[in-house]
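K.L.:
Sharing work.cif (mmCIF, C-alpha atoms) below.
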```cif
data_final
#
loop_
_atom_site.label_atom_id
_atom_site.label_comp_id
_atom_site.auth_asym_id
_atom_site.auth_seq_id
_atom_site.Cartn_x
_atom_site.Cartn_y
_atom_site.Cartn_z
CA MET U 1 141.65 140.57 94.10
CA THR U 2 143.65 137.59 95.39
CA GLU U 3 146.81 136.36 93.74
CA PRO U 4 146.20 133.52 91.31
CA THR U 5 147.43 130.28 92.86
CA ARG U 6 147.74 128.22 89.70
CA THR U 7 150.89 127.86 87.65
CA GLU U 8 149.08 127.11 84.37
CA ALA U 9 149.01 129.93 81.85
CA ALA U 10 145.59 131.48 81.28
CA ILE U 11 143.70 130.16 78.25
CA PRO U 12 142.94 133.00 75.80
CA LEU U 13 139.47 134.53 75.63
CA TRP U 14 137.38 134.65 72.41
CA GLU U 15 134.22 136.50 71.48
CA VAL U 16 131.60 134.46 69.65
CA PHE U 17 129.34 135.76 66.87
CA ILE U 18 126.57 133.67 65.32
CA ARG U 19 124.48 134.07 62.19
CA ALA U 20 121.09 132.63 63.09
CA ARG U 21 120.04 132.26 59.48
CA ASN U 22 121.05 133.55 56.08
CA GLY U 23 119.96 137.13 55.57
CA LEU U 24 120.86 138.11 59.14
CA ALA U 25 124.15 139.56 60.35
CA HIS U 26 126.42 137.69 62.75
CA LYS U 27 125.48 138.73 66.27
CA HIS U 28 127.59 138.68 69.43
CA VAL U 29 126.36 135.88 71.71
CA GLY U 30 129.06 135.61 74.37
CA SER U 31 132.62 134.61 75.17
CA LEU U 32 134.64 131.47 75.79
CA HIS U 33 138.18 130.33 76.52
CA ALA U 34 140.18 128.24 74.03
CA PRO U 35 143.87 127.75 73.23
CA ASP U 36 143.47 128.31 69.47
CA ALA U 37 140.95 129.25 66.78
CA THR U 38 140.06 125.65 65.84
CA LEU U 39 139.20 124.72 69.41
CA ALA U 40 137.42 128.05 69.89
CA LEU U 41 135.15 127.24 66.95
CA GLN U 42 134.41 123.76 68.28
CA ALA U 43 133.72 125.07 71.76
CA ALA U 44 131.46 127.78 70.32
CA ARG U 45 129.52 125.09 68.46
CA ASP U 46 129.08 123.05 71.67
CA LEU U 47 128.36 126.01 73.90
CA TYR U 48 126.19 128.31 71.81
CA THR U 49 124.46 126.16 69.16
CA ARG U 50 123.09 123.11 70.99
CA ARG U 51 119.56 123.86 69.73
CA GLY U 52 120.02 124.97 66.17
CA GLU U 53 120.77 128.60 67.02
CA GLY U 54 123.05 129.18 64.05
CA LEU U 55 124.30 128.44 60.56
CA SER U 56 127.64 130.21 60.81
CA ILE U 57 130.04 131.09 63.64
CA TRP U 58 132.80 133.69 63.93
CA VAL U 59 135.30 133.58 66.78
CA VAL U 60 137.49 136.61 67.41
CA PRO U 61 140.30 136.93 69.98
CA SER U 62 138.90 139.28 72.63
CA ALA U 63 142.25 141.06 72.76
CA ALA U 64 141.80 142.04 69.09
CA ILE U 65 138.71 144.12 69.83
CA THR U 66 139.05 147.84 70.43
CA ALA U 67 136.08 149.27 72.29
CA SER U 68 134.92 152.84 72.82
CA ASP U 69 134.91 154.11 76.38
CA PRO U 70 131.38 154.54 77.80
CA ALA U 71 132.68 157.42 79.94
CA GLU U 72 133.35 159.31 76.70
CA LYS U 73 129.98 158.61 75.16
CA GLY U 74 129.11 162.31 75.28
CA MET U 75 132.07 163.29 73.15
CA MET U 76 131.60 160.26 70.95
CA PHE U 77 127.87 160.36 70.22
CA GLU U 78 126.41 163.70 71.27
CA PRO U 79 127.29 165.43 67.96
CA THR U 80 124.76 163.19 66.18
CA ALA U 81 121.99 164.11 68.63
CA SER U 82 122.17 167.79 67.72
CA LYS U 83 121.98 167.19 63.97
CA ILE U 84 118.25 166.74 63.73
CA TYR U 85 118.34 167.72 60.01
CA ARG U 86 119.71 164.22 59.40
CA HIS U 87 116.25 162.80 60.09
CA PRO U 88 113.39 162.79 57.56
CA THR U 89 110.92 164.35 60.02
CA PHE U 90 113.01 167.57 60.04
CA TYR U 91 111.60 168.51 56.63
CA GLU U 92 108.08 169.80 56.19
CA ILE U 93 106.19 168.46 53.24
CA PRO U 94 102.49 169.37 52.74
CA ASP U 95 100.05 166.50 53.34
CA GLU U 96 98.69 166.92 49.82
CA VAL U 97 101.98 165.59 48.43
CA GLY U 98 101.15 162.25 49.97
CA HIS U 99 103.53 159.68 51.41
CA MET U 100 107.19 160.42 50.83
CA MET T 1 133.49 144.47 74.14
CA TYR T 2 132.65 143.03 77.57
CA THR T 3 136.07 141.79 78.33
CA GLN T 4 137.99 145.02 78.33
CA GLY T 5 137.76 145.11 82.09
CA LEU T 6 140.12 142.14 82.19
CA ALA T 7 142.84 143.92 80.28
CA SER T 8 142.60 147.19 82.16
CA GLY T 9 142.14 145.61 85.59
CA VAL T 10 140.40 147.29 88.48
CA ASP T 11 142.24 149.76 90.62
CA THR T 12 140.48 149.23 93.91
CA ASN T 13 142.22 152.07 95.69
CA GLU T 14 141.19 154.53 93.07
CA ARG T 15 137.58 153.49 93.47
CA GLN T 16 137.65 154.07 97.21
CA LEU T 17 137.15 157.74 96.50
CA GLU T 18 133.75 157.31 95.00
CA ASP T 19 132.14 160.51 94.07
CA ALA T 20 128.70 161.03 95.56
CA ALA T 21 127.60 162.51 92.26
CA LEU T 22 128.67 159.36 90.39
CA LEU T 23 126.81 157.22 92.91
CA GLN T 24 123.68 159.27 92.53
CA ARG T 25 123.89 159.15 88.75
CA PHE T 26 124.36 155.38 88.94
CA GLN T 27 121.27 154.95 91.12
CA GLU T 28 119.26 157.14 88.75
CA ARG T 29 120.23 154.92 85.83
CA ILE T 30 119.18 151.83 87.84
CA ASP T 31 115.88 153.46 88.83
CA ALA T 32 115.22 154.32 85.18
CA GLU T 33 115.63 150.58 84.36
CA GLU T 34 118.77 151.27 82.32
CA ARG T 35 121.11 148.29 82.07
CA ILE T 36 124.64 148.62 83.40
CA GLU T 37 127.31 147.37 81.00
CA PRO T 38 130.85 146.16 81.83
CA ASN T 39 132.82 149.32 81.14
CA ASP T 40 130.29 151.65 82.80
CA TRP T 41 131.14 153.21 86.12
CA MET T 42 129.73 151.21 89.02
CA PRO T 43 130.18 151.28 92.80
CA GLU T 44 132.76 148.76 94.03
CA ALA T 45 130.14 147.12 96.24
CA TYR T 46 127.90 146.55 93.20
CA ARG T 47 130.81 144.92 91.38
CA ARG T 48 131.69 142.80 94.42
CA THR T 49 128.09 141.69 94.97
CA LEU T 50 127.75 140.65 91.34
CA VAL T 51 131.09 138.82 91.22
CA ARG T 52 130.07 136.90 94.35
CA GLN T 53 126.58 136.12 93.10
CA ILE T 54 127.46 135.23 89.49
CA SER T 55 130.48 133.12 90.43
CA GLN T 56 128.46 131.22 93.04
CA HIS T 57 125.77 130.70 90.44
CA ALA T 58 128.39 129.39 87.98
CA HIS T 59 129.92 127.05 90.58
CA SER T 60 126.43 125.71 91.34
CA GLU T 61 125.86 124.81 87.70
CA ILE T 62 129.23 123.04 87.49
CA ILE T 63 128.92 121.16 90.80
CA GLY T 64 125.29 120.44 89.88
CA MET T 65 126.51 118.18 87.08
CA GLN T 66 127.68 115.62 89.65
CA PRO T 67 124.47 114.42 91.34
CA GLU T 68 122.83 113.89 87.95
CA GLY T 69 125.93 112.60 86.20
CA ASN T 70 125.81 109.86 88.83
CA TRP T 71 122.86 108.26 86.98
CA ILE T 72 123.85 108.65 83.31
CA THR T 73 125.26 105.14 83.00
CA ARG T 74 122.29 103.67 84.84
CA ALA T 75 119.43 105.51 83.14
CA PRO T 76 116.58 103.03 82.56
CA SER T 77 116.30 103.53 78.78
CA LEU T 78 118.19 105.04 75.87
CA ARG T 79 115.61 107.87 75.72
CA ARG T 80 116.20 108.75 79.37
CA LYS T 81 119.95 108.45 78.96
CA ALA T 82 120.08 110.78 75.94
CA ALA T 83 117.91 113.34 77.75
CA LEU T 84 120.01 113.18 80.92
CA LEU T 85 123.25 113.55 78.95
CA ALA T 86 121.82 116.61 77.18
CA LYS T 87 120.68 118.06 80.49
CA VAL T 88 124.04 117.62 82.20
CA GLN T 89 125.72 119.15 79.13
CA ASP T 90 123.35 122.12 79.46
CA GLU T 91 124.35 122.59 83.12
CA CYS T 92 127.99 122.76 82.03
CA GLY T 93 127.04 125.33 79.37
CA HIS T 94 125.18 127.39 81.99
CA GLY T 95 128.26 127.38 84.19
CA LEU T 96 130.38 128.62 81.29
CA TYR T 97 127.94 131.42 80.32
CA LEU T 98 127.99 132.54 83.93
CA TYR T 99 131.78 132.43 84.34
CA ALA T 100 131.98 134.56 81.18
CA ALA T 101 129.45 137.04 82.61
CA ALA T 102 131.47 137.28 85.84
CA GLU T 103 134.69 137.82 83.88
CA THR T 104 133.24 141.00 82.38
CA LEU T 105 133.54 142.43 85.92
CA GLY T 106 137.30 142.04 85.88
CA VAL T 107 137.79 138.69 87.61
CA ALA T 108 139.51 135.84 85.71
CA ARG T 109 137.78 132.48 85.38
CA GLU T 110 140.90 130.73 86.67
CA GLU T 111 140.69 132.80 89.84
CA MET T 112 137.05 131.83 90.42
CA VAL T 113 137.78 128.16 89.76
CA ASP T 114 140.74 128.28 92.15
CA GLN T 115 138.50 129.72 94.86
CA LEU T 116 136.04 126.88 94.34
CA LEU T 117 138.79 124.24 94.40
CA ALA T 118 140.28 125.78 97.55
CA GLY T 119 136.89 125.46 99.24
CA LYS T 120 136.64 129.26 99.64
CA ALA T 121 133.69 129.76 97.29
CA LYS T 122 130.10 128.77 97.96
CA TYR T 123 127.67 127.00 95.66
CA SER T 124 124.02 126.10 96.08
CA SER T 125 123.41 123.94 99.15
CA ILE T 126 121.10 121.64 97.18
CA PHE T 127 123.94 119.92 95.32
CA ASN T 128 125.36 118.54 98.55
CA TYR T 129 122.52 116.02 98.78
CA PRO T 130 122.97 112.53 97.28
CA THR T 131 121.04 110.99 94.38
CA LEU T 132 120.22 107.58 95.84
CA THR T 133 117.70 106.27 93.29
CA TRP T 134 116.60 106.95 89.71
CA ALA T 135 113.57 108.80 91.09
CA ASP T 136 115.98 111.44 92.41
CA ILE T 137 116.73 112.39 88.80
CA GLY T 138 113.01 113.03 88.31
CA ALA T 139 112.81 114.98 91.57
CA ILE T 140 115.84 117.12 90.69
CA GLY T 141 114.48 118.07 87.28
CA TRP T 142 111.02 118.80 88.63
CA LEU T 143 111.88 120.47 91.96
CA VAL T 144 115.48 121.70 91.83
CA ASP T 145 115.22 123.02 88.28
CA GLY T 146 111.70 124.29 89.06
CA ALA T 147 113.09 126.27 92.01
CA ALA T 148 116.00 127.48 89.86
CA ILE T 149 113.57 128.76 87.22
CA MET T 150 111.62 130.72 89.86
CA ASN T 151 114.87 132.35 90.90
CA GLN T 152 116.28 132.88 87.40
CA ILE T 153 113.31 134.35 85.55
CA PRO T 154 113.47 137.65 87.49
CA LEU T 155 117.26 137.63 86.96
CA CYS T 156 116.62 138.02 83.21
CA ARG T 157 115.75 141.62 84.16
CA CYS T 158 118.74 142.09 86.44
CA SER T 159 120.34 145.55 86.14
CA TYR T 160 123.69 144.09 85.01
CA GLY T 161 123.47 143.46 81.24
CA PRO T 162 125.81 140.45 80.81
CA TYR T 163 124.19 138.58 83.75
CA ALA T 164 120.68 139.29 82.44
CA ARG T 165 121.63 138.09 78.94
CA ALA T 166 123.19 134.89 80.31
CA MET T 167 120.01 134.26 82.31
CA ILE T 168 117.82 134.58 79.22
CA ARG T 169 119.78 131.78 77.55
CA VAL T 170 119.70 129.70 80.72
CA CYS T 171 115.95 130.10 81.23
CA LYS T 172 115.19 129.01 77.67
CA GLU T 173 117.04 125.77 78.38
CA GLU T 174 115.79 125.10 81.92
CA SER T 175 112.23 124.55 80.79
CA PHE T 176 113.23 121.29 79.09
CA HIS T 177 114.95 120.23 82.32
CA GLN T 178 111.89 120.68 84.46
CA ARG T 179 109.58 118.93 82.02
CA GLN T 180 111.88 115.92 81.62
CA GLY T 181 112.04 115.64 85.43
CA TYR T 182 108.28 115.82 85.86
CA GLU T 183 107.81 113.23 83.11
CA ILE T 184 110.12 110.84 84.98
CA MET T 185 108.04 111.37 88.16
CA LEU T 186 104.79 110.88 86.24
CA THR T 187 106.03 107.62 84.70
CA LEU T 188 107.08 106.31 88.11
CA CYS T 189 103.78 107.37 89.70
CA ARG T 190 101.80 105.55 87.01
CA GLY T 191 103.98 102.45 87.35
CA THR T 192 104.07 99.73 90.01
CA ALA T 193 103.43 100.40 93.69
CA GLU T 194 107.15 100.05 94.25
CA GLN T 195 107.95 102.68 91.61
CA LYS T 196 105.42 105.08 93.09
CA GLU T 197 106.95 104.49 96.50
CA MET T 198 110.34 105.41 95.01
CA ALA T 199 108.91 108.69 93.66
CA GLN T 200 107.37 109.49 97.07
CA ASP T 201 110.67 108.77 98.79
CA ALA T 202 112.49 111.13 96.42
CA LEU T 203 109.94 113.89 97.08
CA ASN T 204 110.31 113.30 100.83
CA ARG T 205 114.06 113.80 100.65
CA TRP T 206 114.17 116.73 98.18
CA TRP T 207 111.21 118.86 99.27
CA TRP T 208 112.75 120.64 102.26
CA PRO T 209 116.23 121.13 100.75
CA CYS T 210 114.46 122.69 97.71
CA LEU T 211 112.63 125.20 99.92
CA MET T 212 116.00 126.06 101.48
CA MET T 213 117.44 126.81 98.01
CA PHE T 214 115.77 130.23 98.10
CA GLY T 215 117.97 131.20 101.01
CA PRO T 216 117.33 132.46 104.55
CA PRO T 217 113.96 134.04 105.42
CA ASP T 218 113.64 137.76 104.64
CA SER T 219 113.94 138.56 108.34
CA ALA T 220 117.48 137.10 108.35
CA SER T 221 118.86 137.77 104.85
CA GLN T 222 121.89 140.08 104.75
CA HIS T 223 122.04 140.80 101.03
CA THR T 224 118.44 141.60 100.13
CA ASP T 225 118.33 145.34 100.81
CA THR T 226 121.16 146.63 98.63
CA SER T 227 120.57 143.97 95.98
CA THR T 228 116.96 145.11 95.71
CA ARG T 229 117.94 148.78 95.49
CA TRP T 230 120.40 147.93 92.71
CA LYS T 231 117.81 145.74 90.96
CA ILE T 232 120.06 142.71 91.04
CA LYS T 233 117.25 141.09 92.97
CA ARG T 234 113.60 141.71 92.06
CA PHE T 235 111.87 139.51 94.63
CA THR T 236 112.77 138.56 98.17
CA ASN T 237 113.71 135.01 99.21
CA ASP T 238 110.33 134.46 100.85
CA GLU T 239 108.39 135.80 97.84
CA LEU T 240 110.20 133.44 95.47
CA ARG T 241 109.77 130.53 97.89
CA ARG T 242 106.03 131.20 98.07
CA LYS T 243 105.74 131.29 94.27
CA PHE T 244 107.53 127.95 94.12
CA VAL T 245 105.31 126.32 96.72
CA ASP T 246 102.16 127.66 95.04
CA ALA T 247 103.28 126.28 91.67
CA THR T 248 104.56 122.95 92.95
CA VAL T 249 101.99 121.69 95.46
CA PRO T 250 99.26 121.17 92.81
CA GLN T 251 101.83 119.39 90.60
CA ALA T 252 102.57 117.00 93.48
CA HIS T 253 98.86 116.36 93.93
CA PHE T 254 98.48 115.59 90.23
CA LEU T 255 101.18 112.94 90.65
CA GLY T 256 99.22 111.53 93.59
CA LEU T 257 102.13 112.20 95.94
CA THR T 258 102.07 113.65 99.44
CA VAL T 259 104.17 116.72 100.23
CA PRO T 260 106.15 115.79 103.37
CA ASP T 261 104.82 118.66 105.46
CA PRO T 262 101.97 117.88 107.87
CA GLU T 263 101.40 121.61 108.43
CA LEU T 264 100.99 122.43 104.74
CA ARG T 265 97.61 124.08 104.13
CA PHE T 266 95.87 126.25 101.57
CA ASP T 267 95.00 129.68 102.92
CA GLU T 268 91.66 130.67 101.34
CA ALA T 269 92.07 134.30 102.41
CA THR T 270 95.39 134.90 100.64
CA GLY T 271 95.07 132.25 97.92
CA HIS T 272 98.51 130.86 98.83
CA TRP T 273 99.83 127.59 100.22
CA VAL T 274 101.38 127.95 103.65
CA HIS T 275 104.19 125.58 104.57
CA GLY T 276 105.50 124.51 107.97
CA ALA T 277 108.73 125.68 109.60
CA ILE T 278 111.96 125.12 107.68
CA ASP T 279 114.90 123.57 109.55
CA TRP T 280 117.39 126.41 109.12
CA ASP T 281 119.95 124.62 111.24
CA GLU T 282 120.19 121.96 108.56
CA PHE T 283 120.66 124.69 105.93
CA LYS T 284 123.43 126.35 107.95
CA GLN T 285 125.18 123.02 108.41
CA VAL T 286 125.12 122.26 104.68
CA VAL T 287 126.32 125.76 103.75
CA ALA T 288 129.09 125.47 106.35
CA GLY T 289 130.38 122.36 104.58
CA ASN T 290 128.75 119.66 106.70
CA GLY T 291 126.10 118.41 104.29
CA PRO T 292 125.95 114.76 103.21
CA CYS T 293 128.12 115.22 100.07
CA ASN T 294 130.14 118.46 100.45
CA THR T 295 133.49 116.68 100.73
CA GLN T 296 132.76 114.25 97.93
CA ARG T 297 131.63 117.02 95.52
CA LEU T 298 134.76 119.12 96.02
CA GLU T 299 137.10 116.13 95.86
CA ARG T 300 135.52 115.07 92.60
CA ARG T 301 135.83 118.57 91.16
CA ARG T 302 139.50 118.80 92.21
CA ARG T 303 140.31 115.38 90.75
CA THR T 304 138.63 116.32 87.46
CA GLU T 305 140.66 119.52 87.28
CA GLN T 306 143.89 117.56 87.86
CA ASP T 307 142.96 114.82 85.40
CA GLY T 308 142.30 117.44 82.73
CA ALA T 309 145.63 119.24 83.20
CA TRP T 310 147.44 117.22 80.50
CA VAL T 311 144.66 117.95 77.99
CA ARG T 312 144.96 121.69 78.58
CA ALA T 313 148.77 121.48 78.40
CA ALA T 314 148.62 119.53 75.12
CA ALA T 315 146.14 121.97 73.56
CA ARG T 316 148.31 124.91 74.59
CA ALA T 317 151.48 123.25 73.24
CA PHE T 318 149.74 122.51 69.94
CA ALA T 319 148.50 126.11 69.67
CA GLU T 320 152.07 127.35 70.31
CA LYS T 321 153.49 125.01 67.68
CA GLU T 322 150.94 126.09 65.07
CA LYS T 323 151.67 129.71 65.87
CA SER T 324 155.43 129.28 65.41
CA HIS T 325 154.82 127.42 62.10
CA ARG T 326 152.67 130.31 60.92
CA ASN T 327 155.29 132.85 61.99
CA ALA T 328 158.05 130.88 60.23
CA ALA T 329 155.95 130.67 57.06
CA ALA T 330 155.27 134.39 57.18
CA ALA T 331 158.97 135.16 57.67
CA ALA T 332 160.07 132.91 54.77
#
```
Hey, can you dump this file as structure tokens for me?
P.N.:
Amino acid sequence: MTEPTRTEAAIPLWEVFIRARNGLAHKHVGSLHAPDATLALQAARDLYTRRGEGLSIWVVPSAAITASDPAEKGMMFEPTASKIYRHPTFYEIPDEVGHM
Amino acid sequence: MYTQGLASGVDTNERQLEDAALLQRFQERIDAEERIEPNDWMPEAYRRTLVRQISQHAHSEIIGMQPEGNWITRAPSLRRKAALLAKVQDECGHGLYLYAAAETLGVAREEMVDQLLAGKAKYSSIFNYPTLTWADIGAIGWLVDGAAIMNQIPLCRCSYGPYARAMIRVCKEESFHQRQGYEIMLTLCRGTAEQKEMAQDALNRWWWPCLMMFGPPDSASQHTDTSTRWKIKRFTNDELRRKFVDATVPQAHFLGLTVPDPELRFDEATGHWVHGAIDWDEFKQVVAGNGPCNTQRLERRRRTEQDGAWVRAAARAFAEKEKSHRNAAAAA
């Protein structure tokens, strides 16, 4: 990567979450740069809701997010794969009992 | 999230020693149509190819605001003006989605913008042509956005998740662009003889540069092979160009316009339109910086960046002030 040539400080990055309509959770839609939370919200409105995509917006500083490492997904998630007794289909119920 | 790569940086030297097993595993994931996400292991060349492609795509959207912005104040009606404003705003939004997608690969937006301003980055050759009349706004929406859609729809299935997701948003919005352009052409073609002549003139000037948008012929393209293997690219330049010509020629006929290619013919055997030879020298000249508007476009972009510096400085200063007020209040 080349050295940055500009003297201006970088503008912080934010992650944007939008609730499309009441009853749905806020969903990650993308990122943007803004100096503070107020401007981040305004920019999120302009950038991600130009066609009525949402009723509510969250903006979160990207630096505040802690993410799991995909390289460790085995250690992280494999234990759930082996616990098949956590799924309803593990248990045998006679057909005569009907839907359960 | 997607931006962790920025914080951790990319140690290029470390990646030189790429394990053959990792490479094989990566290719298997691609072949199985799995999406690659920002923090996943990827070959350096994959990362480089994507940074180059996505940043060029972003620059194209941003520079692409200029030829159309040129006509906002002179749009012939309030309806046309509102639509054009919305379209140019969309192009800006597309640029920003794309810069954000590229940033997930560990390159800062500022760095990409600096490369553009320094004249080191490329953007689509098409935006170095001038918009001389109002009909050019119709031709751009119909042809340039039409060509962009052909190129972008397969990119919605690109192997790199953030790029594919950005493309899905972009494609949803481009459809309005193409329709508003075609409607402008249709209105002109149903107007006076002079208006129809204007529409024909715009088609004459934009047709060949639009065919060039798809890039060099397959026989000469350097990037196609690896990009295809990595499923960044799903169709070759020539395949996409053919789809565009097949879709567009009947639309031109409906307008009652003549495609400026005396060799254009319909091949009954293949069911495709066959176009004449493209002037690749012109394409090379425009890409090399010698198109009609290259200098003007970059100068304009540089001036805008400079003119906006005080706004960014003020917003930063205000954010700092608010932060220190909050800290003082918390300490009290």
K.L.:
Show me, as an MDAnalysis selection string, the residues that have an atom within 12 Å of U:Ser56 when counting all atoms listed in the file, minus same-chain residues fewer than 6 positions from it.
P.N.:
chainID U and resid 16:27 41:42 44:45 48:49
K.L.:
As a PyMOL selection string, please: the residues near stretch 52-65 of chain T (cut-off 6 Å, all atoms listed in the file, same-chain neighbours under 3 positions excluded).
P.N.:
chain T and resi 49+68-69+88+91-92+95+98-99+102+122-124+127
K.L.:
Nearest to U:Pro61 among U:Gly30, U:Ala37, U:Met100, U:Thr89, with distances taken over all atoms listed in the file: which residue is it?
P.N.:
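Looking only at the distances to U:Pro61, the closest residue turns out to be U:Ala37.
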K.L.:
Just the number, please: distance in Å from atom CA of T:Lys321 to atom CA of U:Leu32, one decimal.
P.N.:
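Rounded to one decimal, the two atoms are 21.5 Å apart.
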K.L.:
Just the residues within 10 Å of U:Ala9, please, counting all atoms listed in the file, with nothing from its chain fewer than 4 positions along; format it as an NGL selection string.
P.N.:
:T and (110 or 312-313 or 316)
K.L.:
With the cut-off set at 9 Å and counting only C-alpha atoms, tabulate each residue of chain U with an atom at most that distance from an atom of chain T, showing the nearest atom pair and its distance in Å to one decimal, ordered by chain and increasing number, as CSV.
P.N.:
```
residue,atom,partner,partner_atom,distance
U:Met1,CA,T:Val107,CA,7.8
U:Thr2,CA,T:Glu111,CA,7.9
U:Glu3,CA,T:Glu111,CA,8.1
U:Pro4,CA,T:Glu111,CA,5.7
U:Thr5,CA,T:Asp114,CA,7.0
U:Arg6,CA,T:Asp114,CA,7.4
U:Glu8,CA,T:Ala313,CA,8.2
U:Ala9,CA,T:Arg316,CA,8.9
U:Ala10,CA,T:Glu110,CA,7.2
U:Ile11,CA,T:Arg316,CA,7.9
U:Leu13,CA,T:Thr3,CA,8.5
U:Glu15,CA,T:Met1,CA,8.4
U:Val29,CA,T:Arg165,CA,8.9
U:Gly30,CA,T:Tyr97,CA,7.4
U:Ser31,CA,T:Ala100,CA,6.0
U:Leu32,CA,T:Ala100,CA,6.8
U:His33,CA,T:Ala100,CA,8.8
U:Ala34,CA,T:Ala315,CA,8.7
U:Pro35,CA,T:Arg316,CA,5.4
U:Asp36,CA,T:Ala319,CA,5.5
U:Ala37,CA,T:Ala319,CA,8.7
U:Leu39,CA,T:Ala315,CA,8.5
U:Asp46,CA,T:Gly93,CA,8.3
U:Leu47,CA,T:Gly93,CA,5.7
U:Tyr48,CA,T:Gly93,CA,8.2
U:Arg50,CA,T:Asp90,CA,8.5
U:Ser62,CA,T:Thr3,CA,6.8
U:Ala63,CA,T:Gln4,CA,8.1
U:Ile65,CA,T:Met1,CA,6.8
U:Thr66,CA,T:Met1,CA,7.5
U:Ala67,CA,T:Met1,CA,5.8
U:Ser68,CA,T:Met1,CA,8.6
U:Asp69,CA,T:Asn39,CA,7.1
U:Pro70,CA,T:Asp40,CA,5.9
U:Ala71,CA,T:Asp40,CA,6.9
```
K.L.:
Let me make sure I understand: among T:His253, T:Lys243, T:Arg35, T:Arg265, which one has the smallest atom-to-atom distance to T:Cys156 if we use all atoms listed in the file?
P.N.:
T:Arg35
K.L.:
If we count only C-alpha atoms, what is near T:Ala288 at a cut-off of 10 Å, once residues fewer than 4 positions away on the same chain are taken out, given as JSON, numbers by chain?
P.N.:
{"T": [122, 125, 282, 283, 284, 294]}
